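> Please read through the structure below; I'll follow up with questions.
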Amino acid sequence: YEFWGTNDRFDKDRINYDKDLLKKYYFDNGYIDFEIVSVNSSLVDNRKDFIVNFTIFEGKRYKITNVKFNASIRNLSSIKIKDLVDVDKGDWFSSKELDDAIKKITDETSKMGYAFVDISPRIKKIGDNKVEVTFEIQEGTKIFIDRINISGNVKTNDDVIRRELTFVEGDAYNSSKIKESERHIRGTGLFDNIEIKIDEMVGTNKTEVDVGVTERSTGQFTVGAGFSSLDGAIGSIGIKESNLFGEAKELSLNLGLSTRKSEIDLSFTDPYFLNKDLAAGIDIFNIRRNQKTYSGYKHNIIGFKLRTGFEIIDNLRYFSSYTLKRDKIHDIDNDTSIYIQAQEGKRVTSVIGQALQYDELNDRINPTDGYRVRFDVDYFGLGGDSEHILTELKIANFLRITDGVILGNFLEGGYIASIKEVKINDLFFLNGDQLRGFKNLGVGPRDSSTSDSLGGEVYYVNRNELTFPIGLPDDLGIGGLIFADIGTVYNTSSSGSNIRDESSLRASAGIGLSWLSPFGPVKFYLSKAILKENYDKKEIFRFSFGTTY
């Protein structure tokens with residue numbers, strides 16, 4: 001709320017802008033006879049304030065009685081065009097819907113290689129409050145790309161940008177490919193601004209494409225401190241270069257320390273390994289977890305992971321990985337569950353991972369539309385002390401209901417097919433971000449004599465969340481939310497009379513706040529557990545950093 005702002009001062013230019021907004025509003029709602037008769041402003045007696053009077057003529061509201069298409073482009077039938085647009089007989093006239101229809105027709109003709117198409121909607125009044133709309137579509141000249149020029153890249157190599165383009169010299173101009181290329185370049189995270197311009201060569205059917213970029217600083221040194229509901233007090237130091245040698249290669253070293261976890265991770269990624277559309281990388285890690293609060297033990301992990309990934313078709317990617325690690329379960333108290341005490345010691349784990357992911361989210365950090373589906377299959381074996389198959393499916397879907405109101409749905413599930421006994425370090429656990437209203441490791445199999453969480457071989461969770469504006473300025477990034485979660489984890493590998501292991505569903509609901517902070521998304525929740533078992537661990541308040549999908 002800008003109390004010191006000057007938004008209420010009289011300004012003739014803003015009055016003219018308001019006239020345009022009024023006209024657009026009425027035209028969008030079917031009042032095509034709308035006119036602004038006059039605008040008068042007068043100074044009131046205190047000699048400080050103005051009164052502004054808009055005199056308007058609304059006229060009648062018109063409905064569409066018929067929609068016609070007159071196209072001179074080959075292979076573009078009226079039936080095909082009609083399937084593209086939402087304007088239909090019986091609708092109220094809307095200039096916004098006409099603009100949307102023109103955009104969709106332009107995109108479709110662009111895919112056919114027509115760069116410049118003249119689309120004119122003709123409006124004919126029929127009777128008192130009806131209109132007939134005819135889209136006149138005239139064929140333009142087919143344009144071919146003669147040259148692609150790259151500019152603005154001081155550090156980044158040209159080929160890093162060119163490989164993100166979905167067109168080459170000699171291709172027919174296609175605005176959809178231009179937009180897709182811009183999205184790909186933006187997705188590298190190396191540039192603050194991308195602008196693709198068309199420079200038509202006069203007297204020919206050729207054009208030059210100018211790709212201008214503004215590089216961002218890709219070297220980062222970060223220091224952070226705070227508190228997390230999951231890990232307690234936290235601190236971190238990170239060094240990262242996202243454009244190593246100007247080749248978009250990424251090298252990072254992260255050191256994290258918290259009350260319940262410490263981590264060192266050295267990571268290297270080449271997004272275009274061997275000059276092919278193949279991402280490859282390696283992670284070397286050392287993780288120490290303190291699970292004594294939840295399960296009475298400490299867990300150390302040291303190892304490395306090799307990973308690759310490539311795009312099969314648009315938005316569909318395949319991932320493959322190999323992980324070799326050593327797990328150590330130690331520092332177990334005498335009053336800890338006997339089922340956990342039996343697993344004390346070191347073991348080596350070898351994992352071959354395969355995954356498919358289809359991603360149509362419109363933003364990686366704060367999506368408002370689209371969906372993502374990922375399916376993982378990991379084989380624990382090929383040497384090492386574990387042997388089982390782990391499968392996991394995760395679906396995230398976002399639907400924009402109206403401005404600022406977003407419905408998010410998240411479905412997750414996992415299953416472990418055991419060949420040998422599955423140890424506690426490989427089992428599924430649910431934390432309080434996955435199933436709100438319950439503490440970390442608050443649901444699932446438990447030793448009733450010690451209240452230690454034992455983990456399970458099966459889990460599934462469904463989270464539903466509606467975010468909406470609460471009247472604060474958009475630049476603060478703060479909104480409200482309501483949510484409802486349901487899920488469970490069960491089927492532990494341990495057995496005994498003291499073990500509670502039910503597959504019954506748990507559910508919760510609540511309200512909260514979301515904040516798109518400079519450090520990433522932050523959310524605060526007030527929750528109420530609705531379906532629960534008497535041995536579950538509940539909580540009312542929680543806040544989380546980052547994304548949970």
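Quick note on naming: the chains in the structure tokens go A, B, ... in the order shown, residues restart at 1 in each chain, and ligands are numbered from 1 in order of appearance.
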Excluding range 353-369 of chain A and residues on its chain fewer than 5 positions from it, collect all residues at most 6 Å away from it, counting only C-alpha atoms, and give them as a list in words.
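Close residues of range 353-369 of chain A: Asn315, Leu316, Arg317, Tyr318, Phe319, Ser320, Ser321, Arg374, Phe375, Asp376, Val377, Asp378, Phe398, Leu399 and Arg400 of chain A.
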> Give me every helix (DSSP H, G or I) residue in range 253-365 of chain A, going by DSSP on the backbone, as a PyMOL selection string.
chain A and resi 273-275+338-341
> Of the candidates A:Met112, A:Ile486, A:Val213, A:Leu454, which one gets nearest to Gln343 in chain A if we count only C-alpha atoms?
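So, comparing all the options, the nearest one is A:Leu454.
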> Applying 12 Å and only C-alpha atoms, which residues near Ile143 in chain A remain after dropping the ones on its own chain fewer than 6 positions away? List them as a PyMOL selection string.
chain A and resi 110-117+169-175+198-209
> DSSP on the backbone: what in range 368-462 of chain A comes out strand (DSSP E), as JSON, numbers by chain?
{"A": [370, 371, 372, 373, 374, 375, 376, 377, 378, 379, 380, 388, 389, 390, 391, 392, 393, 394, 395, 396, 397, 398, 399, 400, 401, 402, 405, 406, 407, 408, 409, 410, 411, 412, 413, 414, 415, 416, 417, 418, 446, 447, 452, 453, 458, 459, 460, 461, 462]}
> Using only C-alpha atoms, which residues sit within 8 Å of range 217-221 of chain A once same-chain residues fewer than 5 positions away are excluded, as an NGL selection string?
:A and (190 or 237-243)
> Nearest to Asn440 in chain A: which of A:His388, A:Arg122, A:Arg372, A:Arg542 is it, counting only C-alpha atoms?
A:Arg542
> Which of these residues is nearest to Asn464 in chain A, using only C-alpha atoms: A:Thr402, A:Asn425, A:Thr259, A:Asn397?
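Closest to Asn464 in chain A of all the choices is A:Asn397.
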> Given the choices A:Thr450, A:Ile419, A:Ile406, A:Tyr371, which gets closest to Glu387 in chain A if the distance is worked out from only C-alpha atoms?
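When distances to Glu387 in chain A are compared using only C-alpha atoms, the smallest one comes from A:Ile419.
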> Under the rule that only C-alpha atoms are counted, which of A:Thr65, A:Thr166, A:Asn431, A:Ser176 is the nearest residue to Glu132 in chain A?
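Result for the nearest residue to Glu132 in chain A: A:Thr65.
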> Give me, as a list of chain:residue names, all polymer residues having an atom no more than 6 Å from Gly212 in chain A, counting only C-alpha atoms and skipping those fewer than 4 positions away in the same chain.
A:Ser151, A:Gly152, A:Ile194, A:Glu195
> Which residue, A:Ile302, A:Ala248, A:Ile137, A:Val85, has the smallest gap to Ile185 in chain A when you use only C-alpha atoms?
A:Ala248
> Which value, in Å to one decimal, gives the distance between CA of Arg288 in chain A and CA of Phe438 in chain A?
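Interatomic distance, CA of Arg288 in chain A to CA of Phe438 in chain A: 23.8 Å.
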> Residues near Ile332 in chain A, anyone? I mean within 12 Å using only C-alpha atoms, not counting same-chain ones fewer than 5 positions away, as a PDB file with all heavy atoms, in the first residue's frame.

ATOM      1  N   ASN A 290      20.169 -36.441  11.306  1.00  0.00           N
ATOM      2  CA  ASN A 290      19.866 -36.784  12.696  1.00  0.00           C
ATOM      3  C   ASN A 290      18.379 -37.117  12.793  1.00  0.00           C
ATOM      4  O   ASN A 290      17.529 -36.234  12.822  1.00  0.00           O
ATOM      5  CB  ASN A 290      20.212 -35.607  13.614  1.00  0.00           C
ATOM      6  CG  ASN A 290      20.044 -35.960  15.081  1.00  0.00           C
ATOM      7  OD1 ASN A 290      19.435 -36.977  15.425  1.00  0.00           O
ATOM      8  ND2 ASN A 290      20.579 -35.130  15.954  1.00  0.00           N
ATOM      9  N   GLN A 291      18.066 -38.426  12.826  1.00  0.00           N
ATOM     10  CA  GLN A 291      16.684 -38.885  12.887  1.00  0.00           C
ATOM     11  C   GLN A 291      16.276 -39.287  14.308  1.00  0.00           C
ATOM     12  O   GLN A 291      15.249 -39.945  14.480  1.00  0.00           O
ATOM     13  CB  GLN A 291      16.494 -40.097  11.955  1.00  0.00           C
ATOM     14  CG  GLN A 291      16.788 -39.822  10.482  1.00  0.00           C
ATOM     15  CD  GLN A 291      15.677 -39.084   9.803  1.00  0.00           C
ATOM     16  OE1 GLN A 291      15.388 -37.939  10.160  1.00  0.00           O
ATOM     17  NE2 GLN A 291      15.036 -39.704   8.835  1.00  0.00           N
ATOM     18  N   LYS A 292      17.076 -38.870  15.292  1.00  0.00           N
ATOM     19  CA  LYS A 292      16.808 -39.323  16.669  1.00  0.00           C
ATOM     20  C   LYS A 292      15.463 -38.821  17.183  1.00  0.00           C
ATOM     21  O   LYS A 292      14.800 -39.503  17.965  1.00  0.00           O
ATOM     22  CB  LYS A 292      17.948 -38.878  17.593  1.00  0.00           C
ATOM     23  CG  LYS A 292      19.291 -39.531  17.262  1.00  0.00           C
ATOM     24  CD  LYS A 292      20.403 -39.053  18.175  1.00  0.00           C
ATOM     25  CE  LYS A 292      20.322 -39.721  19.542  1.00  0.00           C
ATOM     26  NZ  LYS A 292      20.656 -41.144  19.471  1.00  0.00           N
ATOM     27  N   THR A 293      15.032 -37.631  16.723  1.00  0.00           N
ATOM     28  CA  THR A 293      13.740 -37.104  17.171  1.00  0.00           C
ATOM     29  C   THR A 293      12.581 -37.972  16.690  1.00  0.00           C
ATOM     30  O   THR A 293      11.586 -38.155  17.395  1.00  0.00           O
ATOM     31  CB  THR A 293      13.547 -35.664  16.656  1.00  0.00           C
ATOM     32  OG1 THR A 293      14.622 -34.852  17.113  1.00  0.00           O
ATOM     33  CG2 THR A 293      12.222 -35.090  17.130  1.00  0.00           C
ATOM     34  N   SER A 295      12.983 -41.270  14.833  1.00  0.00           N
ATOM     35  CA  SER A 295      13.165 -42.721  14.799  1.00  0.00           C
ATOM     36  C   SER A 295      14.327 -43.211  15.652  1.00  0.00           C
ATOM     37  O   SER A 295      14.656 -44.406  15.610  1.00  0.00           O
ATOM     38  CB  SER A 295      13.386 -43.189  13.345  1.00  0.00           C
ATOM     39  OG  SER A 295      12.242 -42.917  12.559  1.00  0.00           O
ATOM     40  N   GLY A 296      14.995 -42.332  16.403  1.00  0.00           N
ATOM     41  CA  GLY A 296      15.990 -42.767  17.382  1.00  0.00           C
ATOM     42  C   GLY A 296      17.339 -43.173  16.822  1.00  0.00           C
ATOM     43  O   GLY A 296      18.064 -43.933  17.479  1.00  0.00           O
ATOM     44  N   TYR A 297      17.747 -42.698  15.636  1.00  0.00           N
ATOM     45  CA  TYR A 297      19.056 -43.062  15.094  1.00  0.00           C
ATOM     46  C   TYR A 297      19.617 -41.913  14.269  1.00  0.00           C
ATOM     47  O   TYR A 297      18.932 -40.945  13.939  1.00  0.00           O
ATOM     48  CB  TYR A 297      18.958 -44.321  14.234  1.00  0.00           C
ATOM     49  CG  TYR A 297      18.173 -44.151  12.949  1.00  0.00           C
ATOM     50  CD1 TYR A 297      18.805 -43.804  11.759  1.00  0.00           C
ATOM     51  CD2 TYR A 297      16.780 -44.339  12.916  1.00  0.00           C
ATOM     52  CE1 TYR A 297      18.089 -43.649  10.576  1.00  0.00           C
ATOM     53  CE2 TYR A 297      16.064 -44.182  11.740  1.00  0.00           C
ATOM     54  CZ  TYR A 297      16.722 -43.831  10.579  1.00  0.00           C
ATOM     55  OH  TYR A 297      16.010 -43.673   9.417  1.00  0.00           O
ATOM     56  N   LYS A 298      20.920 -42.034  13.921  1.00  0.00           N
ATOM     57  CA  LYS A 298      21.560 -41.109  12.995  1.00  0.00           C
ATOM     58  C   LYS A 298      21.922 -41.862  11.724  1.00  0.00           C
ATOM     59  O   LYS A 298      22.197 -43.059  11.764  1.00  0.00           O
ATOM     60  CB  LYS A 298      22.806 -40.486  13.633  1.00  0.00           C
ATOM     61  CG  LYS A 298      22.506 -39.523  14.766  1.00  0.00           C
ATOM     62  CD  LYS A 298      23.774 -38.859  15.293  1.00  0.00           C
ATOM     63  CE  LYS A 298      23.450 -37.860  16.394  1.00  0.00           C
ATOM     64  NZ  LYS A 298      24.696 -37.218  16.939  1.00  0.00           N
ATOM     65  N   HIS A 299      21.932 -41.124  10.620  1.00  0.00           N
ATOM     66  CA  HIS A 299      22.103 -41.738   9.301  1.00  0.00           C
ATOM     67  C   HIS A 299      23.133 -40.933   8.511  1.00  0.00           C
ATOM     68  O   HIS A 299      22.927 -39.753   8.232  1.00  0.00           O
ATOM     69  CB  HIS A 299      20.748 -41.762   8.572  1.00  0.00           C
ATOM     70  CG  HIS A 299      20.795 -42.425   7.237  1.00  0.00           C
ATOM     71  ND1 HIS A 299      19.793 -42.264   6.294  1.00  0.00           N
ATOM     72  CD2 HIS A 299      21.708 -43.243   6.663  1.00  0.00           C
ATOM     73  CE1 HIS A 299      20.091 -42.967   5.219  1.00  0.00           C
ATOM     74  NE2 HIS A 299      21.251 -43.567   5.412  1.00  0.00           N
ATOM     75  N   SER A 337      13.561 -48.388  19.274  1.00  0.00           N
ATOM     76  CA  SER A 337      12.894 -49.617  18.852  1.00  0.00           C
ATOM     77  C   SER A 337      13.904 -50.720  18.525  1.00  0.00           C
ATOM     78  O   SER A 337      14.925 -50.483  17.872  1.00  0.00           O
ATOM     79  CB  SER A 337      12.030 -49.329  17.611  1.00  0.00           C
ATOM     80  OG  SER A 337      11.570 -50.527  17.039  1.00  0.00           O
ATOM     81  N   ILE A 338      13.589 -51.918  18.962  1.00  0.00           N
ATOM     82  CA  ILE A 338      14.480 -53.054  18.707  1.00  0.00           C
ATOM     83  C   ILE A 338      14.577 -53.343  17.208  1.00  0.00           C
ATOM     84  O   ILE A 338      15.574 -53.901  16.740  1.00  0.00           O
ATOM     85  CB  ILE A 338      13.994 -54.319  19.448  1.00  0.00           C
ATOM     86  CG1 ILE A 338      12.561 -54.689  19.018  1.00  0.00           C
ATOM     87  CG2 ILE A 338      14.074 -54.103  20.951  1.00  0.00           C
ATOM     88  CD1 ILE A 338      12.093 -56.026  19.593  1.00  0.00           C
ATOM     89  N   TYR A 339      13.580 -52.957  16.447  1.00  0.00           N
ATOM     90  CA  TYR A 339      13.586 -53.179  15.002  1.00  0.00           C
ATOM     91  C   TYR A 339      14.592 -52.259  14.315  1.00  0.00           C
ATOM     92  O   TYR A 339      15.144 -52.605  13.272  1.00  0.00           O
ATOM     93  CB  TYR A 339      12.185 -52.970  14.435  1.00  0.00           C
ATOM     94  CG  TYR A 339      11.138 -53.774  15.162  1.00  0.00           C
ATOM     95  CD1 TYR A 339      10.267 -53.171  16.063  1.00  0.00           C
ATOM     96  CD2 TYR A 339      11.048 -55.145  14.974  1.00  0.00           C
ATOM     97  CE1 TYR A 339       9.316 -53.901  16.742  1.00  0.00           C
ATOM     98  CE2 TYR A 339      10.100 -55.892  15.662  1.00  0.00           C
ATOM     99  CZ  TYR A 339       9.237 -55.274  16.553  1.00  0.00           C
ATOM    100  OH  TYR A 339       8.305 -56.009  17.249  1.00  0.00           O
ATOM    101  N   ILE A 340      14.824 -51.090  14.907  1.00  0.00           N
ATOM    102  CA  ILE A 340      15.838 -50.176  14.374  1.00  0.00           C
ATOM    103  C   ILE A 340      17.222 -50.572  14.877  1.00  0.00           C
ATOM    104  O   ILE A 340      18.210 -50.529  14.130  1.00  0.00           O
ATOM    105  CB  ILE A 340      15.503 -48.717  14.759  1.00  0.00           C
ATOM    106  CG1 ILE A 340      14.190 -48.292  14.080  1.00  0.00           C
ATOM    107  CG2 ILE A 340      16.627 -47.770  14.358  1.00  0.00           C
ATOM    108  CD1 ILE A 340      13.704 -46.921  14.462  1.00  0.00           C
ATOM    109  N   GLN A 341      17.305 -50.993  16.144  1.00  0.00           N
ATOM    110  CA  GLN A 341      18.602 -51.431  16.681  1.00  0.00           C
ATOM    111  C   GLN A 341      19.176 -52.583  15.856  1.00  0.00           C
ATOM    112  O   GLN A 341      20.395 -52.668  15.660  1.00  0.00           O
ATOM    113  CB  GLN A 341      18.437 -51.867  18.138  1.00  0.00           C
ATOM    114  CG  GLN A 341      18.108 -50.731  19.097  1.00  0.00           C
ATOM    115  CD  GLN A 341      18.081 -51.191  20.541  1.00  0.00           C
ATOM    116  OE1 GLN A 341      18.902 -52.032  20.940  1.00  0.00           O
ATOM    117  NE2 GLN A 341      17.169 -50.641  21.333  1.00  0.00           N
ATOM    118  N   ALA A 342      18.304 -53.431  15.334  1.00  0.00           N
ATOM    119  CA  ALA A 342      18.770 -54.583  14.548  1.00  0.00           C
ATOM    120  C   ALA A 342      19.381 -54.157  13.214  1.00  0.00           C
ATOM    121  O   ALA A 342      20.068 -54.966  12.558  1.00  0.00           O
ATOM    122  CB  ALA A 342      17.602 -55.537  14.298  1.00  0.00           C
ATOM    123  N   GLN A 343      19.166 -52.908  12.796  1.00  0.00           N
ATOM    124  CA  GLN A 343      19.679 -52.450  11.506  1.00  0.00           C
ATOM    125  C   GLN A 343      20.923 -51.580  11.641  1.00  0.00           C
ATOM    126  O   GLN A 343      21.391 -50.998  10.661  1.00  0.00           O
ATOM    127  CB  GLN A 343      18.587 -51.670  10.766  1.00  0.00           C
ATOM    128  CG  GLN A 343      17.332 -52.496  10.520  1.00  0.00           C
ATOM    129  CD  GLN A 343      16.414 -51.865   9.492  1.00  0.00           C
ATOM    130  OE1 GLN A 343      16.833 -51.461   8.421  1.00  0.00           O
ATOM    131  NE2 GLN A 343      15.130 -51.790   9.828  1.00  0.00           N
ATOM    132  N   GLU A 344      21.498 -51.502  12.850  1.00  0.00           N
ATOM    133  CA  GLU A 344      22.701 -50.708  13.052  1.00  0.00           C
ATOM    134  C   GLU A 344      23.853 -51.269  12.225  1.00  0.00           C
ATOM    135  O   GLU A 344      24.011 -52.473  12.070  1.00  0.00           O
ATOM    136  CB  GLU A 344      23.075 -50.695  14.531  1.00  0.00           C
ATOM    137  CG  GLU A 344      24.241 -49.768  14.855  1.00  0.00           C
ATOM    138  CD  GLU A 344      24.476 -49.644  16.349  1.00  0.00           C
ATOM    139  OE1 GLU A 344      23.938 -50.482  17.105  1.00  0.00           O
ATOM    140  OE2 GLU A 344      25.188 -48.713  16.770  1.00  0.00           O
ATOM    141  N   GLY A 345      24.665 -50.356  11.653  1.00  0.00           N
ATOM    142  CA  GLY A 345      25.833 -50.790  10.887  1.00  0.00           C
ATOM    143  C   GLY A 345      25.942 -50.086   9.551  1.00  0.00           C
ATOM    144  O   GLY A 345      25.198 -49.149   9.249  1.00  0.00           O
ATOM    145  N   ASP A 452       8.760 -44.838  17.754  1.00  0.00           N
ATOM    146  CA  ASP A 452       9.692 -44.603  16.639  1.00  0.00           C
ATOM    147  C   ASP A 452       9.030 -44.934  15.308  1.00  0.00           C
ATOM    148  O   ASP A 452       8.365 -45.965  15.168  1.00  0.00           O
ATOM    149  CB  ASP A 452      10.955 -45.453  16.807  1.00  0.00           C
ATOM    150  CG  ASP A 452      11.812 -44.989  17.976  1.00  0.00           C
ATOM    151  OD1 ASP A 452      11.866 -43.772  18.207  1.00  0.00           O
ATOM    152  OD2 ASP A 452      12.415 -45.849  18.657  1.00  0.00           O
TER     153      ASP A 452
END
> Would you mind listing what lies within 8 Å of range 88-91 of chain A as a PDB file with all heavy atoms, in the first residue's frame, with only C-alpha atoms counted and same-chain residues fewer than 4 positions away left out?

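Everything below was put into out19.pdb:
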ATOM      1  N   LYS A  63     -25.689  -9.607 -29.364  1.00  0.00           N
ATOM      2  CA  LYS A  63     -25.356 -11.022 -29.413  1.00  0.00           C
ATOM      3  C   LYS A  63     -24.932 -11.412 -30.829  1.00  0.00           C
ATOM      4  O   LYS A  63     -25.373 -10.795 -31.809  1.00  0.00           O
ATOM      5  CB  LYS A  63     -26.547 -11.888 -28.989  1.00  0.00           C
ATOM      6  CG  LYS A  63     -26.619 -12.152 -27.503  1.00  0.00           C
ATOM      7  CD  LYS A  63     -27.661 -13.207 -27.180  1.00  0.00           C
ATOM      8  CE  LYS A  63     -27.627 -13.542 -25.691  1.00  0.00           C
ATOM      9  NZ  LYS A  63     -28.610 -14.603 -25.350  1.00  0.00           N
ATOM     10  N   ILE A  64     -24.114 -12.448 -30.911  1.00  0.00           N
ATOM     11  CA  ILE A  64     -23.658 -12.930 -32.212  1.00  0.00           C
ATOM     12  C   ILE A  64     -24.702 -13.904 -32.768  1.00  0.00           C
ATOM     13  O   ILE A  64     -25.040 -14.900 -32.114  1.00  0.00           O
ATOM     14  CB  ILE A  64     -22.284 -13.612 -32.091  1.00  0.00           C
ATOM     15  CG1 ILE A  64     -21.232 -12.598 -31.638  1.00  0.00           C
ATOM     16  CG2 ILE A  64     -21.869 -14.255 -33.407  1.00  0.00           C
ATOM     17  CD1 ILE A  64     -19.879 -13.204 -31.342  1.00  0.00           C
ATOM     18  N   THR A  65     -25.179 -13.615 -33.955  1.00  0.00           N
ATOM     19  CA  THR A  65     -26.189 -14.485 -34.575  1.00  0.00           C
ATOM     20  C   THR A  65     -25.578 -15.462 -35.576  1.00  0.00           C
ATOM     21  O   THR A  65     -26.174 -16.483 -35.890  1.00  0.00           O
ATOM     22  CB  THR A  65     -27.270 -13.642 -35.274  1.00  0.00           C
ATOM     23  OG1 THR A  65     -28.296 -14.494 -35.748  1.00  0.00           O
ATOM     24  CG2 THR A  65     -26.689 -12.866 -36.444  1.00  0.00           C
ATOM     25  N   ASN A  66     -24.356 -15.151 -36.073  1.00  0.00           N
ATOM     26  CA  ASN A  66     -23.711 -16.043 -37.029  1.00  0.00           C
ATOM     27  C   ASN A  66     -22.220 -15.703 -37.106  1.00  0.00           C
ATOM     28  O   ASN A  66     -21.827 -14.543 -36.937  1.00  0.00           O
ATOM     29  CB  ASN A  66     -24.349 -15.910 -38.415  1.00  0.00           C
ATOM     30  CG  ASN A  66     -23.992 -17.076 -39.322  1.00  0.00           C
ATOM     31  OD1 ASN A  66     -23.487 -18.099 -38.855  1.00  0.00           O
ATOM     32  ND2 ASN A  66     -24.245 -16.934 -40.610  1.00  0.00           N
ATOM     33  N   VAL A  67     -21.393 -16.733 -37.349  1.00  0.00           N
ATOM     34  CA  VAL A  67     -19.947 -16.551 -37.495  1.00  0.00           C
ATOM     35  C   VAL A  67     -19.526 -17.191 -38.813  1.00  0.00           C
ATOM     36  O   VAL A  67     -19.801 -18.371 -39.062  1.00  0.00           O
ATOM     37  CB  VAL A  67     -19.161 -17.188 -36.332  1.00  0.00           C
ATOM     38  CG1 VAL A  67     -17.656 -16.967 -36.511  1.00  0.00           C
ATOM     39  CG2 VAL A  67     -19.621 -16.615 -34.995  1.00  0.00           C
TER      40      VAL A  67
END
